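Have a look at the structure below before the remarks.
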Amino acid sequence: MTGKVPLIAITGFLGAGKTSLLNHLLRAPGARLGVVVNDFGTINVDAALVSGQIDEASTISGGCLCCLPDAGGLDDALAKLSQPKLRLDAILVEASGAADPLALDRIIRFSKVPRIRAAGIVEVIDAVEHFRTVDRVPELPLRYAVASLIVIGKTDLLSEHEREATIRAIRERVLERNPGAAIVIARAGQIDPALVFDTATEEDPLDELPIAQLLREAAVEHTHHDHARAASVALTEPVSPSALVDLLEQPPAGAYRIKGRIGVRRGESVHGFLVNVVGGTIHVTRLADARVEGELVAIGMELDQAATERRLENVARASTEEPDTAGFERLQRYRRLSS
Ligand SMILES: Nc1nc2c(ncn2[C@@H]2O[C@H](COP(=O)(O)OP(=O)(O)OP(=O)(O)O)[C@@H](O)[C@H]2O)c(=O)[nH]1
């Protein structure tokens with residue numbers, strides 16, 4: 001798919017498991033990733049941990065990036081990493097444990113960098129320490145509100161009896177504040193990368209990224225993750241704008257991401273769009289060509305594939321006979337908000 005480079009922020013309290021998650025994502029076969037690491041303090045531990053594994057990297061040091069003037073130059077780093085010639089599949093920003101996810105969310109959403117799109121905040125939770133650190137008072141932590149995906153780690157360190165109750169308690173608290181949040185349990189951040197980004201190819205290009213390739217090969221043996229489920233439909237005719245926007249605004253249950261390259265009918269003409277929904281955030285851009293053929297894909301850990309495919313089929317089959325100016329205007333509104 002063409003378009004802007006998805007930007008994914010990884011947040012979480014000190015020691016929660018952010019670097020473990022980042023390192024795991026960096027090993028996704030074929031992925032070309034840019035990384036911005038925000039170390040905290042003078043010793044750049046995180047950058048050293050991930051060094052050698054990344055395709056393009058920037059480090060923001062001297063403090064927590066949401067507290068530094070100009071976010072410590074985050075926009076400069078993002079402008080550099082989103083250059084088309086780098087052909088990155090995604091940019092990952094690992095915030096320091098001290099960062100405020102709400103501030104980071106605002107910085108990303110109001111970024112002036114034209115070639116990026118906000119593609120979710122992944123909050124890592126340490127199941128052992130969570131209720132002693134992040135969630136200690138009756139008021140719900142505000143940070144739950146901006147997370148699109150919650151990864152609960154370190155459950156392997158809990159006794160079997162504690163594990164279930166702790167996971168349930170964390171789930172309840174998160175969903176009370178943020179009913180739309182997707183929640184996965186993963187040891188050391190080992191989630192399915194397909195949940196957060198697409199890779200253009202499953203193979204590392206020859207003569208490129210040799211270090212990354214070696215690390216990926218070495219990691220294959222001890223990496224385990226549950227696979228995300230996907231449902232898709234091929235589009236052979238232009239779709240109805242109202243049916244499309246209805247789907248984007250009310251995604252099928254369990255769909256964490258929706259993506260599509262779509263021809264949309266407007267009266268007699270057809271307009272190409274690229275759509276991306278992550279954790280309820282809708283991003284729409286225009287494609288230069290007025291394509292008729294395309295696809296719609298939904299991805300999630302707890303997706304009901306058959307039911308989701310029916311929803312997508314319904315969009316593909318919705319009638320386009322009546323002119324749908326209002327529906328097209330709804331889609332255009334999302335496009336304007338996405339630019
Ligand atoms: N047993 C176990 N250990 C984990 C898990 N996730 C992370 N760890 C360990 O927890 C420690 C901290 O993990 P990191 O990934 O460095 O955490 P972080 O959030 O990046 O830490 P800071 O950058 O210091 O805020 C490391 O020793 C990890 O190996 C998990 O699911 N299970």
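Simple scheme: letters A, B, ... for chains in structure tokens order, numbers from 1 for residues in each chain, numbers from 1 for ligands in the order shown.
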
Might you pull out every residue within 9 Å of Val277 in chain A, with only C-alpha atoms counted and same-chain residues fewer than 6 positions away left off, and present them as an mmCIF file with N, CA and C atoms, in the first residue's frame?
```
data_model
loop_
_atom_site.group_PDB
_atom_site.id
_atom_site.type_symbol
_atom_site.label_atom_id
_atom_site.label_comp_id
_atom_site.auth_asym_id
_atom_site.auth_seq_id
_atom_site.Cartn_x
_atom_site.Cartn_y
_atom_site.Cartn_z
ATOM 1 N N ALA A 119 -0.678 5.744 14.181
ATOM 2 C CA ALA A 119 -1.200 4.380 13.974
ATOM 3 C C ALA A 119 -1.280 3.619 15.293
ATOM 4 N N LEU A 248 -16.149 1.965 8.836
ATOM 5 C CA LEU A 248 -15.005 2.583 9.509
ATOM 6 C C LEU A 248 -15.406 3.107 10.885
ATOM 7 N N GLU A 249 -16.615 3.644 10.967
ATOM 8 C CA GLU A 249 -17.057 4.222 12.245
ATOM 9 C C GLU A 249 -17.492 3.148 13.230
ATOM 10 N N PRO A 251 -16.478 -0.525 13.437
ATOM 11 C CA PRO A 251 -15.781 -1.718 12.953
ATOM 12 C C PRO A 251 -16.383 -2.985 13.563
ATOM 13 N N TYR A 256 -9.075 -4.801 15.405
ATOM 14 C CA TYR A 256 -8.202 -3.755 15.939
ATOM 15 C C TYR A 256 -7.772 -2.805 14.825
ATOM 16 N N ARG A 257 -7.559 -3.383 13.656
ATOM 17 C CA ARG A 257 -7.159 -2.560 12.511
ATOM 18 C C ARG A 257 -8.056 -2.863 11.326
ATOM 19 N N ILE A 258 -8.329 -1.844 10.515
ATOM 20 C CA ILE A 258 -8.971 -2.055 9.210
ATOM 21 C C ILE A 258 -8.138 -1.285 8.198
ATOM 22 N N LYS A 259 -7.884 -1.904 7.083
ATOM 23 C CA LYS A 259 -7.149 -1.169 6.047
ATOM 24 C C LYS A 259 -7.783 -1.476 4.711
ATOM 25 N N HIS A 283 -8.299 7.121 9.430
ATOM 26 C CA HIS A 283 -7.394 7.896 8.587
ATOM 27 C C HIS A 283 -7.732 7.597 7.128
ATOM 28 N N VAL A 284 -7.989 8.656 6.373
ATOM 29 C CA VAL A 284 -8.405 8.487 4.977
ATOM 30 C C VAL A 284 -7.554 9.384 4.089
#
```

Original post:
So which bits of range 58-300 of chain A end up helix (DSSP H, G or I) when you DSSP the backbone, as a PyMOL selection string?
Top reply: chain A and resi 69-81+84-86+101-109+130-133+143-146+155-157+160-177+187-189+193-195+210-220+241-249

Subject >> For ligand 1, the nearest of the candidates A:Leu14, A:Leu33, A:Ile108, A:Val233, counting only C-alpha atoms and all ligand atoms >> reply: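 Among the listed residues, the smallest separation from ligand 1 belongs to A:Leu14.
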
Could you give me, as a Markdown table, a per-residue list for chain A showing, wherever an atom lies at most 8 Å from an atom of ligand 1, the closest pair of atoms and their distance in Å to one decimal, using only C-alpha atoms and all ligand atoms and sorting by chain then residue number from low to high?
```
| residue | atom | partner | partner_atom_place_in_ligand_line | distance |
| --- | --- | --- | --- | --- |
| A:Thr11 | CA | ligand 1 | 19 (O) | 7.8 |
| A:Gly12 | CA | ligand 1 | 19 (O) | 6.0 |
| A:Phe13 | CA | ligand 1 | 25 (O) | 6.0 |
| A:Leu14 | CA | ligand 1 | 25 (O) | 3.3 |
| A:Gly15 | CA | ligand 1 | 21 (O) | 3.2 |
| A:Ala16 | CA | ligand 1 | 19 (O) | 3.9 |
| A:Gly17 | CA | ligand 1 | 15 (O) | 3.2 |
| A:Lys18 | CA | ligand 1 | 19 (O) | 3.8 |
| A:Thr19 | CA | ligand 1 | 20 (O) | 3.6 |
| A:Ser20 | CA | ligand 1 | 15 (O) | 3.7 |
| A:Leu21 | CA | ligand 1 | 15 (O) | 6.5 |
| A:Leu22 | CA | ligand 1 | 15 (O) | 7.9 |
| A:Asp39 | CA | ligand 1 | 23 (O) | 7.4 |
| A:Val45 | CA | ligand 1 | 23 (O) | 7.9 |
| A:Asp46 | CA | ligand 1 | 23 (O) | 6.3 |
| A:Ser96 | CA | ligand 1 | 25 (O) | 5.7 |
| A:Gly97 | CA | ligand 1 | 25 (O) | 4.0 |
| A:Ala98 | CA | ligand 1 | 25 (O) | 7.4 |
| A:Val124 | CA | ligand 1 | 19 (O) | 7.4 |
| A:Asp126 | CA | ligand 1 | 6 (N) | 7.4 |
| A:Ile152 | CA | ligand 1 | 31 (O) | 7.7 |
| A:Gly153 | CA | ligand 1 | 31 (O) | 4.0 |
| A:Lys154 | CA | ligand 1 | 31 (O) | 3.4 |
| A:Thr155 | CA | ligand 1 | 31 (O) | 6.3 |
| A:Asp156 | CA | ligand 1 | 32 (N) | 5.8 |
| A:Leu157 | CA | ligand 1 | 1 (N) | 5.6 |
| A:Ala186 | CA | ligand 1 | 31 (O) | 6.2 |
| A:Arg187 | CA | ligand 1 | 31 (O) | 3.5 |
| A:Ala188 | CA | ligand 1 | 6 (N) | 3.4 |
| A:Gly189 | CA | ligand 1 | 6 (N) | 6.1 |
```

**OP:** Excluding range 234-238 of chain A and residues on its chain fewer than 5 positions from it, collect all residues at most 9 Å away from it, counting only C-alpha atoms, and give them as an NGL selection string.
**Re:** :A and (261-265 or 270-272 or 291-297 or 313 or 316-317 or 320)

Original post:
If we count only C-alpha atoms, what is near Ile191 in chain A at a cut-off of 12 Å, once residues fewer than 4 positions away on the same chain are taken out, given as a PyMOL selection string?
Top reply: chain A and resi 20-28+122+124+149-153+183-187+195-197+223-228+300-301

Original post:
What is the CA of Leu92 in chain A to CA of Gly34 in chain A distance in Å?
Top reply: 6.2 Å

**OP:** Between A:Leu74, A:Val137, A:Leu287, A:Ile10, single out the one closest to Phe110 in chain A, counting only C-alpha atoms.
**Re:**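 Of A:Leu74, A:Val137, A:Leu287, A:Ile10, the one nearest Phe110 in chain A, counting only C-alpha atoms, is A:Leu74.
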
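Residues of range 163-199 of chain A carrying a DSSP assignment of strand (DSSP E or B), computed from the backbone, are A:Ala182, A:Ile183, A:Val184, A:Ile185.
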
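If you look at CA of Leu88 in chain A and CA of Arg335 in chain A, they are 22.5 Å away from each other.
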
**OP:** Compile the contact shell of range 167-178 of chain A as a PyMOL selection string: residues with an atom at most 9 Å away, counting only C-alpha atoms, same-chain residues fewer than 6 positions apart removed.
**Re:** chain A and resi 125+127+130-131+135+140-142+144-148+150+152+155+185

**OP:** Record the distance separating CA of Pro241 in chain A and CA of Arg330 in chain A, expressed in Å with one decimal.
**Re:** 8.0 Å

Subject >> Nearest-residue call for Ala255 in chain A, choices A:Arg229, A:Arg117, A:Arg333, A:Lys4, using only C-alpha atoms >> reply: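 When distances to Ala255 in chain A are compared using only C-alpha atoms, the smallest one comes from A:Arg229.
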
**OP:** Please provide the set of residues having any atom within 8 Å of Thr308 in chain A, restricted to only C-alpha atoms, with same-chain residues fewer than 5 positions apart removed, written as a list in words.
**Re:**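 Everything that qualifies: Ala231, Pro252, Ala253, Ala298 and Leu303 of chain A.
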